[in-house]
file input-v1.txt (compact mmCIF, C-alpha atoms)
# COMPACT_ATOMS: atom_id res chain seq x y z
CA MET A 1 -62.60 -43.76 -141.92
CA LYS A 2 -62.47 -40.45 -143.80
CA LYS A 3 -66.18 -40.74 -144.52
CA ILE A 4 -66.94 -41.22 -140.85
CA ILE A 5 -64.87 -38.17 -139.86
CA PHE A 6 -66.59 -36.14 -142.57
CA SER A 7 -69.99 -37.30 -141.39
CA PHE A 8 -69.34 -36.32 -137.79
CA SER A 9 -67.95 -32.93 -138.89
CA LEU A 10 -71.16 -32.35 -140.79
CA LEU A 11 -73.16 -33.44 -137.76
CA PHE A 12 -71.23 -30.95 -135.59
CA ALA A 13 -71.86 -28.14 -138.10
CA LEU A 14 -75.56 -28.92 -138.17
CA THR A 15 -75.70 -28.98 -134.36
CA SER A 16 -74.14 -25.50 -134.27
CA PHE A 17 -76.61 -24.22 -136.85
CA VAL A 18 -79.73 -25.35 -135.07
CA SER A 19 -78.52 -24.23 -131.64
CA ALA A 20 -78.93 -20.52 -132.56
CA GLN A 21 -82.05 -19.04 -130.97
CA SER A 22 -84.14 -16.18 -132.35
CA PHE A 23 -86.05 -13.63 -130.30
CA GLY A 24 -88.48 -10.92 -131.43
CA SER A 25 -88.58 -10.03 -135.10
CA LYS A 26 -86.95 -12.41 -137.54
CA ILE A 27 -83.47 -11.18 -138.42
CA THR A 28 -80.35 -12.59 -140.06
CA ASP A 29 -76.73 -12.15 -139.05
CA LYS A 30 -75.76 -10.63 -142.39
CA GLY A 31 -74.20 -7.17 -142.17
CA ALA A 32 -73.72 -7.17 -138.41
CA VAL A 33 -70.89 -4.91 -137.25
CA SER A 34 -68.90 -4.93 -134.02
CA LEU A 35 -69.80 -2.63 -131.15
CA SER A 36 -66.70 -0.53 -131.82
CA GLU A 37 -67.63 -0.15 -135.49
CA MET A 38 -71.17 0.82 -134.53
CA LYS A 39 -69.89 3.53 -132.19
CA LYS A 40 -67.58 4.78 -134.94
CA LYS A 41 -70.45 4.91 -137.47
CA MET A 42 -72.70 6.58 -134.96
CA GLY A 43 -70.32 9.51 -134.55
CA SER A 44 -72.33 12.48 -133.31
CA LYS A 45 -75.70 11.15 -134.49
CA LYS A 46 -78.42 10.91 -131.85
CA GLU A 47 -79.78 7.65 -133.23
CA MET A 48 -79.08 5.13 -135.95
CA THR A 49 -80.70 1.94 -137.19
CA THR A 50 -78.08 -0.80 -137.20
CA LYS A 51 -77.16 -4.43 -136.60
CA VAL A 52 -74.47 -5.39 -134.13
CA SER A 53 -72.73 -8.59 -133.10
CA ALA A 54 -71.16 -8.62 -129.63
CA LYS A 55 -70.61 -10.66 -126.52
CA ILE A 56 -73.24 -10.53 -123.79
CA GLU A 57 -71.71 -9.42 -120.52
CA ASP A 58 -74.76 -9.74 -118.29
CA VAL A 59 -78.52 -10.12 -118.43
CA CYS A 60 -81.31 -8.82 -116.18
CA GLN A 61 -81.59 -11.50 -113.52
CA LYS A 62 -85.21 -10.70 -112.77
CA LYS A 63 -86.70 -11.70 -116.10
CA GLY A 64 -84.18 -11.09 -118.87
CA CYS A 65 -85.67 -7.73 -119.87
CA TRP A 66 -82.30 -6.13 -120.71
CA MET A 67 -78.74 -7.20 -121.42
CA ASN A 68 -75.38 -5.50 -121.59
CA LEU A 69 -73.21 -6.04 -124.63
CA VAL A 70 -69.49 -5.50 -124.26
CA ASP A 71 -66.80 -4.77 -126.84
CA ASP A 72 -63.16 -5.82 -126.86
CA LYS A 73 -62.21 -2.63 -125.00
CA GLY A 74 -64.67 -3.33 -122.21
CA SER A 75 -67.17 -0.57 -122.98
CA LYS A 76 -70.81 -1.58 -122.54
CA VAL A 77 -74.08 -0.87 -124.28
CA ARG A 78 -77.35 -1.77 -122.62
CA VAL A 79 -79.90 -3.40 -124.89
CA THR A 80 -83.62 -3.34 -124.19
CA PHE A 81 -86.26 -5.00 -126.33
CA LYS A 82 -88.78 -3.14 -128.48
CA ASP A 83 -92.18 -2.77 -126.87
CA TYR A 84 -91.05 -5.00 -123.99
CA ALA A 85 -92.24 -7.75 -126.31
CA PHE A 86 -89.52 -10.34 -125.72
CA PHE A 87 -86.74 -11.14 -123.26
CA MET A 88 -83.41 -12.96 -123.15
CA PRO A 89 -82.58 -16.15 -121.25
CA LYS A 90 -81.17 -15.18 -117.85
CA ASP A 91 -78.17 -17.46 -118.44
CA ALA A 92 -77.16 -15.90 -121.77
CA ALA A 93 -74.07 -14.10 -120.42
CA GLY A 94 -70.95 -15.10 -122.36
CA LYS A 95 -72.85 -15.93 -125.54
CA THR A 96 -72.73 -13.88 -128.71
CA ALA A 97 -75.78 -11.81 -129.61
CA ILE A 98 -76.67 -10.33 -132.98
CA VAL A 99 -79.06 -7.47 -132.36
CA GLU A 100 -80.96 -5.40 -134.90
CA GLY A 101 -82.62 -2.15 -133.94
CA ILE A 102 -81.91 1.43 -133.00
CA ALA A 103 -78.79 2.67 -131.26
CA MET A 104 -79.46 5.99 -129.56
CA ILE A 105 -78.07 8.52 -127.15
CA ASP A 106 -80.65 8.76 -124.41
CA GLU A 107 -80.98 9.96 -120.85
CA THR A 108 -81.67 7.16 -118.39
CA SER A 109 -83.67 8.39 -115.40
CA ILE A 110 -82.60 7.83 -111.79
CA ALA A 111 -85.57 5.48 -111.28
CA ASP A 112 -84.56 3.38 -114.29
CA LEU A 113 -80.89 3.32 -113.28
CA LYS A 114 -81.93 2.10 -109.82
CA GLU A 115 -84.14 -0.56 -111.32
CA TYR A 116 -81.38 -1.77 -113.64
CA ALA A 117 -79.03 -1.93 -110.66
CA LYS A 118 -81.60 -3.89 -108.66
CA ASP A 119 -82.20 -6.27 -111.57
CA ALA A 120 -78.45 -6.81 -111.82
CA GLY A 121 -78.34 -7.85 -108.16
CA LYS A 122 -76.50 -4.74 -106.84
CA THR A 123 -76.59 -4.10 -103.10
CA LYS A 124 -78.93 -1.56 -101.49
CA GLU A 125 -75.88 0.60 -100.72
CA ASP A 126 -74.81 0.64 -104.37
CA ILE A 127 -78.36 1.47 -105.48
CA ALA A 128 -78.58 4.33 -102.96
CA LYS A 129 -75.47 5.86 -104.54
CA ILE A 130 -77.36 6.51 -107.80
CA LYS A 131 -78.27 10.20 -107.54
CA GLU A 132 -78.15 11.50 -111.11
CA PRO A 133 -79.64 10.53 -114.46
CA LYS A 134 -77.16 9.26 -117.02
CA ARG A 135 -76.83 10.28 -120.68
CA GLU A 136 -75.62 7.20 -122.46
CA LEU A 137 -75.59 5.13 -125.62
CA VAL A 138 -78.36 2.54 -125.47
CA PHE A 139 -79.84 0.08 -127.95
CA GLU A 140 -83.45 -0.90 -128.56
CA ALA A 141 -83.53 -4.25 -130.33
CA SER A 142 -86.42 -5.38 -132.48
CA GLY A 143 -84.82 -8.78 -133.08
CA VAL A 144 -82.03 -10.87 -131.57
CA ILE A 145 -80.16 -14.00 -132.56
CA LEU A 146 -78.32 -15.78 -129.78
CA LYS A 147 -75.37 -18.04 -130.58
CA MET B 1 -70.92 -52.04 -140.83
CA LYS B 2 -70.95 -48.99 -143.11
CA LYS B 3 -74.72 -49.19 -143.38
CA ILE B 4 -75.07 -49.17 -139.60
CA VAL B 5 -72.78 -46.12 -139.25
CA TYR B 6 -74.72 -44.19 -141.89
CA SER B 7 -78.05 -45.17 -140.38
CA VAL B 8 -76.94 -43.91 -136.95
CA PHE B 9 -75.68 -40.71 -138.55
CA ALA B 10 -78.94 -40.06 -140.41
CA LEU B 11 -80.97 -40.74 -137.26
CA SER B 12 -78.78 -38.35 -135.26
CA ILE B 13 -79.38 -35.52 -137.74
CA LEU B 14 -83.12 -36.13 -137.76
CA SER B 15 -83.23 -36.16 -133.95
CA ILE B 16 -81.28 -32.91 -133.66
CA VAL B 17 -83.45 -31.09 -136.17
CA PHE B 18 -86.63 -32.45 -134.56
CA PHE B 19 -85.69 -31.51 -131.01
CA ALA B 20 -84.18 -28.14 -131.90
CA CYS B 21 -87.32 -27.06 -133.76
CA GLY B 22 -89.90 -28.62 -131.49
CA GLY B 23 -88.26 -28.17 -128.13
CA ASN B 24 -89.08 -24.50 -127.70
CA GLU B 25 -92.81 -24.95 -127.99
CA ASN B 26 -93.31 -26.47 -124.57
CA LYS B 27 -90.63 -24.42 -122.89
CA GLU B 28 -91.41 -20.94 -124.11
CA ASN B 29 -95.14 -20.78 -124.59
CA LYS B 30 -97.11 -19.99 -121.46
CA SER B 31 -100.81 -20.01 -120.78
CA ILE B 32 -102.61 -17.62 -118.50
CA GLY B 33 -104.41 -19.46 -115.73
CA ASP B 34 -107.22 -21.51 -117.19
CA SER B 35 -107.41 -19.38 -120.28
CA SER B 36 -106.45 -21.00 -123.54
CA GLN B 37 -104.63 -17.87 -124.68
CA VAL B 38 -101.08 -18.75 -125.59
CA ILE B 39 -98.48 -16.06 -125.18
CA VAL B 40 -96.58 -16.29 -128.42
CA ASP B 41 -95.76 -13.47 -130.74
CA SER B 42 -97.47 -14.88 -133.78
CA THR B 43 -96.05 -12.22 -136.07
CA LYS B 44 -92.53 -13.55 -135.63
CA LEU B 45 -90.85 -16.46 -137.32
CA ASP B 46 -87.67 -18.24 -136.35
CA SER B 47 -84.70 -18.08 -138.70
CA SER B 48 -83.54 -21.67 -138.34
CA CYS B 49 -86.87 -23.48 -137.96
CA SER B 50 -90.25 -22.49 -139.30
CA SER B 51 -91.70 -21.82 -135.84
CA GLU B 52 -92.25 -18.67 -133.76
CA THR B 53 -89.33 -16.85 -132.24
CA ILE B 54 -89.01 -16.85 -128.48
CA MET B 55 -90.67 -14.27 -126.23
CA ASP B 56 -90.37 -15.45 -122.64
CA PRO B 57 -87.49 -17.89 -122.17
CA ASN B 58 -87.39 -17.62 -118.36
CA ASN B 59 -90.61 -19.19 -117.11
CA ALA B 60 -92.43 -15.87 -116.81
CA LYS B 61 -94.49 -15.40 -113.65
CA PRO B 62 -98.29 -15.29 -113.86
CA MET B 63 -98.47 -11.53 -113.25
CA ALA B 64 -96.08 -10.85 -116.14
CA LEU B 65 -98.19 -13.06 -118.41
CA MET B 66 -101.35 -11.27 -117.33
CA MET B 67 -99.69 -7.95 -118.12
CA ARG B 68 -99.07 -9.20 -121.66
CA ALA B 69 -102.76 -10.05 -121.92
CA LEU B 70 -103.64 -6.56 -120.64
CA VAL B 71 -101.43 -4.91 -123.26
CA LYS B 72 -102.96 -7.07 -125.98
CA ASN B 73 -106.47 -6.12 -124.86
CA ALA B 74 -105.59 -2.44 -124.55
CA SER B 75 -104.06 -2.39 -128.04
CA GLU B 76 -107.21 -3.97 -129.46
CA MET B 77 -109.47 -1.55 -127.60
CA ARG B 78 -107.36 1.38 -128.76
CA GLU B 79 -107.68 0.41 -132.42
CA LYS B 80 -111.45 0.01 -132.15
CA LEU B 81 -111.96 3.24 -130.25
CA LYS B 82 -109.76 5.15 -132.67
CA ALA B 83 -111.86 3.77 -135.53
CA GLY B 84 -114.94 5.27 -133.87
CA GLU B 85 -116.39 1.95 -132.73
CA THR B 86 -118.18 1.37 -129.46
CA LEU B 87 -116.52 -1.42 -127.47
CA GLU B 88 -118.33 -4.53 -126.37
CA THR B 89 -116.74 -4.22 -122.95
CA ALA B 90 -117.81 -7.72 -121.91
CA LYS B 91 -115.12 -8.97 -124.29
CA TYR B 92 -112.51 -7.29 -122.11
CA PRO B 93 -113.10 -8.46 -118.52
CA LEU B 94 -111.07 -7.07 -115.64
CA VAL B 95 -107.78 -8.97 -115.32
CA ARG B 96 -107.10 -9.36 -111.59
CA PHE B 97 -103.31 -9.40 -111.90
CA TRP B 98 -102.76 -8.37 -108.27
CA LEU B 99 -103.98 -11.78 -107.08
CA VAL B 100 -101.20 -13.77 -108.75
CA GLU B 101 -97.46 -14.22 -108.32
CA PRO B 102 -95.36 -11.27 -109.55
CA THR B 103 -91.84 -11.43 -110.98
CA ASP B 104 -90.55 -9.36 -108.08
CA PRO B 105 -92.23 -10.25 -104.76
CA ASP B 106 -91.03 -6.92 -103.31
CA VAL B 107 -93.85 -5.15 -105.18
CA LEU B 108 -96.47 -6.73 -102.95
CA GLU B 109 -96.74 -3.79 -100.60
CA PRO B 110 -99.68 -1.56 -99.57
CA ARG B 111 -99.05 1.10 -102.22
CA PHE B 112 -99.15 -1.53 -104.98
CA PHE B 113 -102.49 -2.86 -103.79
CA GLU B 114 -103.84 0.69 -103.51
CA ASN B 115 -102.76 1.28 -107.13
CA ALA B 116 -104.48 -1.98 -108.08
CA ARG B 117 -107.68 -0.84 -106.34
CA LEU B 118 -107.62 2.45 -108.26
CA PHE B 119 -106.99 0.56 -111.51
CA SER B 120 -109.89 -1.74 -110.76
CA GLU B 121 -112.26 1.19 -110.09
CA SER B 122 -111.13 2.91 -113.24
CA TYR B 123 -111.60 -0.28 -115.27
CA LYS B 124 -115.15 -0.68 -113.94
CA LYS B 125 -115.96 2.82 -115.26
CA LEU B 126 -114.74 1.69 -118.67
CA SER B 127 -116.91 -1.43 -118.43
CA VAL B 128 -120.07 0.64 -117.97
CA ALA B 129 -119.28 3.38 -120.50
CA ARG B 130 -121.70 3.01 -123.40
CA ASN B 131 -120.53 5.23 -126.25
CA ASN B 132 -117.29 5.90 -128.07
CA ALA B 133 -116.54 9.29 -126.47
CA SER B 134 -117.14 8.13 -122.89
CA GLN B 135 -115.22 4.92 -123.56
CA ILE B 136 -112.22 6.84 -124.87
CA LYS B 137 -112.25 8.98 -121.74
CA ALA B 138 -112.50 5.92 -119.47
CA TYR B 139 -109.92 4.00 -121.51
CA ASN B 140 -107.40 6.84 -121.20
CA ALA B 141 -108.03 6.94 -117.45
CA VAL B 142 -107.26 3.20 -117.23
CA ILE B 143 -104.02 3.64 -119.16
CA GLY B 144 -103.17 6.56 -116.87
CA MET B 145 -103.47 4.18 -113.91
CA CYS B 146 -101.09 1.73 -115.61
CA ILE B 147 -98.55 4.50 -116.21
CA ASN B 148 -98.89 5.79 -112.66
CA CYS B 149 -98.21 2.35 -111.16
CA HIS B 150 -95.36 1.47 -113.51
CA GLU B 151 -93.64 4.73 -112.63
CA SER B 152 -93.27 3.25 -109.13
CA TYR B 153 -92.96 -0.45 -109.95
CA CYS B 154 -91.22 -2.01 -112.95
CA SER B 155 -90.52 0.92 -115.27
CA GLY B 156 -89.40 -1.34 -118.15
CA PRO B 157 -92.72 -1.41 -120.02
CA LEU B 158 -93.43 2.32 -119.59
CA LYS B 159 -92.26 3.16 -123.08
CA ARG B 160 -94.75 0.64 -124.49
CA ILE B 161 -97.61 1.76 -122.24
CA ARG B 162 -97.06 5.41 -123.15
CA LYS B 163 -97.95 4.50 -126.74
CA LEU B 164 -101.41 3.39 -125.65
CA PRO B 165 -103.38 6.56 -124.76
CA ILE B 166 -105.70 7.93 -127.44
call {"tool": "encode", "arguments": {"input": "input-v1.txt", "output": "structure tokens"}}
result
Amino acid sequence: MKKIIFSFSLLFALTSFVSAQSFGSKITDKGAVSLSEMKKKMGSKKEMTTKVSAKIEDVCQKKGCWMNLVDDKGSKVRVTFKDYAFFMPKDAAGKTAIVEGIAMIDETSIADLKEYAKDAGKTKEDIAKIKEPKRELVFEASGVILK
Amino acid sequence: MKKIVYSVFALSILSIVFFACGGNENKENKSIGDSSQVIVDSTKLDSSCSSETIMDPNNAKPMALMMRALVKNASEMREKLKAGETLETAKYPLVRFWLVEPTDPDVLEPRFFENARLFSESYKKLSVARNNASQIKAYNAVIGMCINCHESYCSGPLKRIRKLPI
């Protein structure tokens, strides 16, 4: 009986292992920090190469061309994908993502903010309220692992 | 009885590994129209299986796939032109992306088709340019058209496109 339980535990572990999906450049999950730790390390730097593990809050519903990661305090970081070369599954919200790339403070234009809002399914009224560019922490990922 | 249990267990593992590694191939790789070009980033390898990583997991629309082909062609042309070569323009036929389904149907408005017409005219000038200098000029004009249109529709790839001028 013990052998059977052990076998099925092993089977479960293997299932978990192979269910991770990789996008973009090949990366590993080694050395990934939390979003809060990344922000702490970033300090006043304008950009930093790093690897982060965080929960996906939402994904672009048009074609998966961006996603928002959220930390335990509810603050978000929008992740786009290097050279627009790969996208995320539209139903990835709630999963954990390990992203490797560049975190940077950047100004997002009004046009881009409106497009992100449209992609996220915001109403026309909400989109019309966007009148100013936004200086924010963003992340450009060269590789992603989805768990 | 034990033998049966272990056989079922071994088969289960084999099935999982087989489907997890092979399943993505049909789902993620898309072809463009009748072309045999497969849209897979061949430089990338998956961490859990020895196959490519995923690029388009959401059944990308034909226009998006054609845009990938355009970027690939433009990158190739750029490298050749920068190296001083003269392009064999017949290798890079006009991709009529405006005739196929876009990701966002809202883009199909008069201004988009006017942009497409200007792109098409610009691309034809590149097709008839016959030396490196005139091809560079025409190529940059084509990329300018791409930038101009993406500033109005789908700004996501702008960063990538802005790397393309020579």
call {"tool": "atom_distance", "arguments": {"input": "input-v1.txt", "atom1": "CA of Arg117 in chain B", "atom2": "CA of Cys149 in chain B"}}
result
11.1 Å
call {"tool": "residues_near_point", "arguments": {"input": "input-v1.txt", "point": "(-101.1, 6.9, -125.2)", "cutoff": "12 Å", "atoms": "all atoms listed in the file", "output": "mmCIF file with C-alpha atoms, keeping the file's coordinate frame"}}
result
data_model
loop_
_atom_site.group_PDB
_atom_site.id
_atom_site.type_symbol
_atom_site.label_atom_id
_atom_site.label_comp_id
_atom_site.auth_asym_id
_atom_site.auth_seq_id
_atom_site.Cartn_x
_atom_site.Cartn_y
_atom_site.Cartn_z
ATOM 1 C CA VAL B 71 -101.430 -4.910 -123.260
ATOM 2 C CA ALA B 74 -105.590 -2.440 -124.550
ATOM 3 C CA SER B 75 -104.060 -2.390 -128.040
ATOM 4 C CA ARG B 78 -107.360 1.380 -128.760
ATOM 5 C CA GLU B 79 -107.680 0.410 -132.420
ATOM 6 C CA LYS B 82 -109.760 5.150 -132.670
ATOM 7 C CA ILE B 136 -112.220 6.840 -124.870
ATOM 8 C CA LYS B 137 -112.250 8.980 -121.740
ATOM 9 C CA TYR B 139 -109.920 4.000 -121.510
ATOM 10 C CA ASN B 140 -107.400 6.840 -121.200
ATOM 11 C CA ALA B 141 -108.030 6.940 -117.450
ATOM 12 C CA VAL B 142 -107.260 3.200 -117.230
ATOM 13 C CA ILE B 143 -104.020 3.640 -119.160
ATOM 14 C CA GLY B 144 -103.170 6.560 -116.870
ATOM 15 C CA MET B 145 -103.470 4.180 -113.910
ATOM 16 C CA CYS B 146 -101.090 1.730 -115.610
ATOM 17 C CA ILE B 147 -98.550 4.500 -116.210
ATOM 18 C CA LEU B 158 -93.430 2.320 -119.590
ATOM 19 C CA LYS B 159 -92.260 3.160 -123.080
ATOM 20 C CA ARG B 160 -94.750 0.640 -124.490
ATOM 21 C CA ILE B 161 -97.610 1.760 -122.240
ATOM 22 C CA ARG B 162 -97.060 5.410 -123.150
ATOM 23 C CA LYS B 163 -97.950 4.500 -126.740
ATOM 24 C CA LEU B 164 -101.410 3.390 -125.650
ATOM 25 C CA PRO B 165 -103.380 6.560 -124.760
ATOM 26 C CA ILE B 166 -105.700 7.930 -127.440
#
call {"tool": "closest_residue", "arguments": {"input": "input-v1.txt", "among": "B:Glu101, B:Glu88, B:Leu65, B:Pro93", "to": "Ser120 in chain B", "atoms": "all atoms listed in the file"}}
result
B:Pro93
call {"tool": "closest_residue", "arguments": {"input": "input-v1.txt", "among": "A:Ala54, A:Ala120, A:Val99, A:Val70", "to": "Val144 in chain A", "atoms": "only C-alpha atoms"}}
result
A:Val99
call {"tool": "closest_residue", "arguments": {"input": "input-v1.txt", "among": "B:Val95, B:Ala133, B:Met55, B:Ala69", "to": "Tyr84 in chain A", "atoms": "all atoms listed in the file"}}
result
B:Met55
call {"tool": "interface_residues", "arguments": {"input": "input-v1.txt", "of": "chain A", "to": "chain B", "cutoff": "6 Å", "atoms": "only C-alpha atoms", "output": "list in words"}}
result
Ser22, Phe23, Ser25, Lys26, Asp83, Tyr84, Phe86, Phe87 and Pro89 of chain A
call {"tool": "atom_distance", "arguments": {"input": "input-v1.txt", "atom1": "CA of Ala103 in chain A", "atom2": "CA of Cys60 in chain A"}}
result
19.1 Å
call {"tool": "closest_residue", "arguments": {"input": "input-v1.txt", "among": "A:Ser19, A:Gln61, A:Ser75, A:Ser34", "to": "Ala117 in chain A", "atoms": "only C-alpha atoms"}}
result
A:Gln61
call {"tool": "atom_distance", "arguments": {"input": "input-v1.txt", "atom1": "CA of Arg130 in chain B", "atom2": "CA of Met77 in chain B"}}
result
13.7 Å
call {"tool": "closest_atom_pairs", "arguments": {"input": "input-v1.txt", "of": "range 58-130 of chain A", "to": "range 40-53 of chain A", "cutoff": "12 Å", "atoms": "only C-alpha atoms", "output": "Markdown table"}}
result
| residue | atom | partner | partner_atom | distance |
| --- | --- | --- | --- | --- |
| A:Leu69 | CA | A:Ser53 | CA | 8.9 |
| A:Val70 | CA | A:Ser53 | CA | 9.9 |
| A:Asp71 | CA | A:Ser53 | CA | 9.4 |
| A:Asp72 | CA | A:Ser53 | CA | 11.8 |
| A:Val77 | CA | A:Val52 | CA | 10.8 |
| A:Val79 | CA | A:Val52 | CA | 10.9 |
| A:Lys95 | CA | A:Ser53 | CA | 10.5 |
| A:Thr96 | CA | A:Ser53 | CA | 6.9 |
| A:Ala97 | CA | A:Ser53 | CA | 5.6 |
| A:Ile98 | CA | A:Ser53 | CA | 4.3 |
| A:Val99 | CA | A:Val52 | CA | 5.3 |
| A:Glu100 | CA | A:Lys51 | CA | 4.3 |
| A:Gly101 | CA | A:Thr49 | CA | 5.6 |
| A:Ile102 | CA | A:Thr49 | CA | 4.4 |
| A:Ala103 | CA | A:Met48 | CA | 5.3 |
| A:Met104 | CA | A:Glu47 | CA | 4.0 |
| A:Ile105 | CA | A:Lys46 | CA | 5.3 |
| A:Asp106 | CA | A:Lys46 | CA | 8.1 |
| A:Glu107 | CA | A:Lys46 | CA | 11.3 |
call {"tool": "write_last_selection", "arguments": {"input": "input-v1.txt", "atoms": "C-alpha atoms", "output": "short mmCIF file (atom, residue, chain, number, x, y, z; two decimals), in the frame of the given file"}}
result
data_model
loop_
_atom_site.label_atom_id
_atom_site.label_comp_id
_atom_site.auth_asym_id
_atom_site.auth_seq_id
_atom_site.Cartn_x
_atom_site.Cartn_y
_atom_site.Cartn_z
CA LEU A 69 -73.21 -6.04 -124.63
CA VAL A 70 -69.49 -5.50 -124.26
CA ASP A 71 -66.80 -4.77 -126.84
CA ASP A 72 -63.16 -5.82 -126.86
CA VAL A 77 -74.08 -0.87 -124.28
CA VAL A 79 -79.90 -3.40 -124.89
CA LYS A 95 -72.85 -15.93 -125.54
CA THR A 96 -72.73 -13.88 -128.71
CA ALA A 97 -75.78 -11.81 -129.61
CA ILE A 98 -76.67 -10.33 -132.98
CA VAL A 99 -79.06 -7.47 -132.36
CA GLU A 100 -80.96 -5.40 -134.90
CA GLY A 101 -82.62 -2.15 -133.94
CA ILE A 102 -81.91 1.43 -133.00
CA ALA A 103 -78.79 2.67 -131.26
CA MET A 104 -79.46 5.99 -129.56
CA ILE A 105 -78.07 8.52 -127.15
CA ASP A 106 -80.65 8.76 -124.41
CA GLU A 107 -80.98 9.96 -120.85
#
call {"tool": "axis_aligned_box", "arguments": {"input": "input-v1.txt", "around": "range 113-126 of chain A", "padding_each_side": "3 Å", "output": "AutoDock Vina command-line options"}}
result
--center_x -79.5 --center_y -2.3 --center_z -107.2 --size_x 15.3 --size_y 17.2 --size_z 18.9
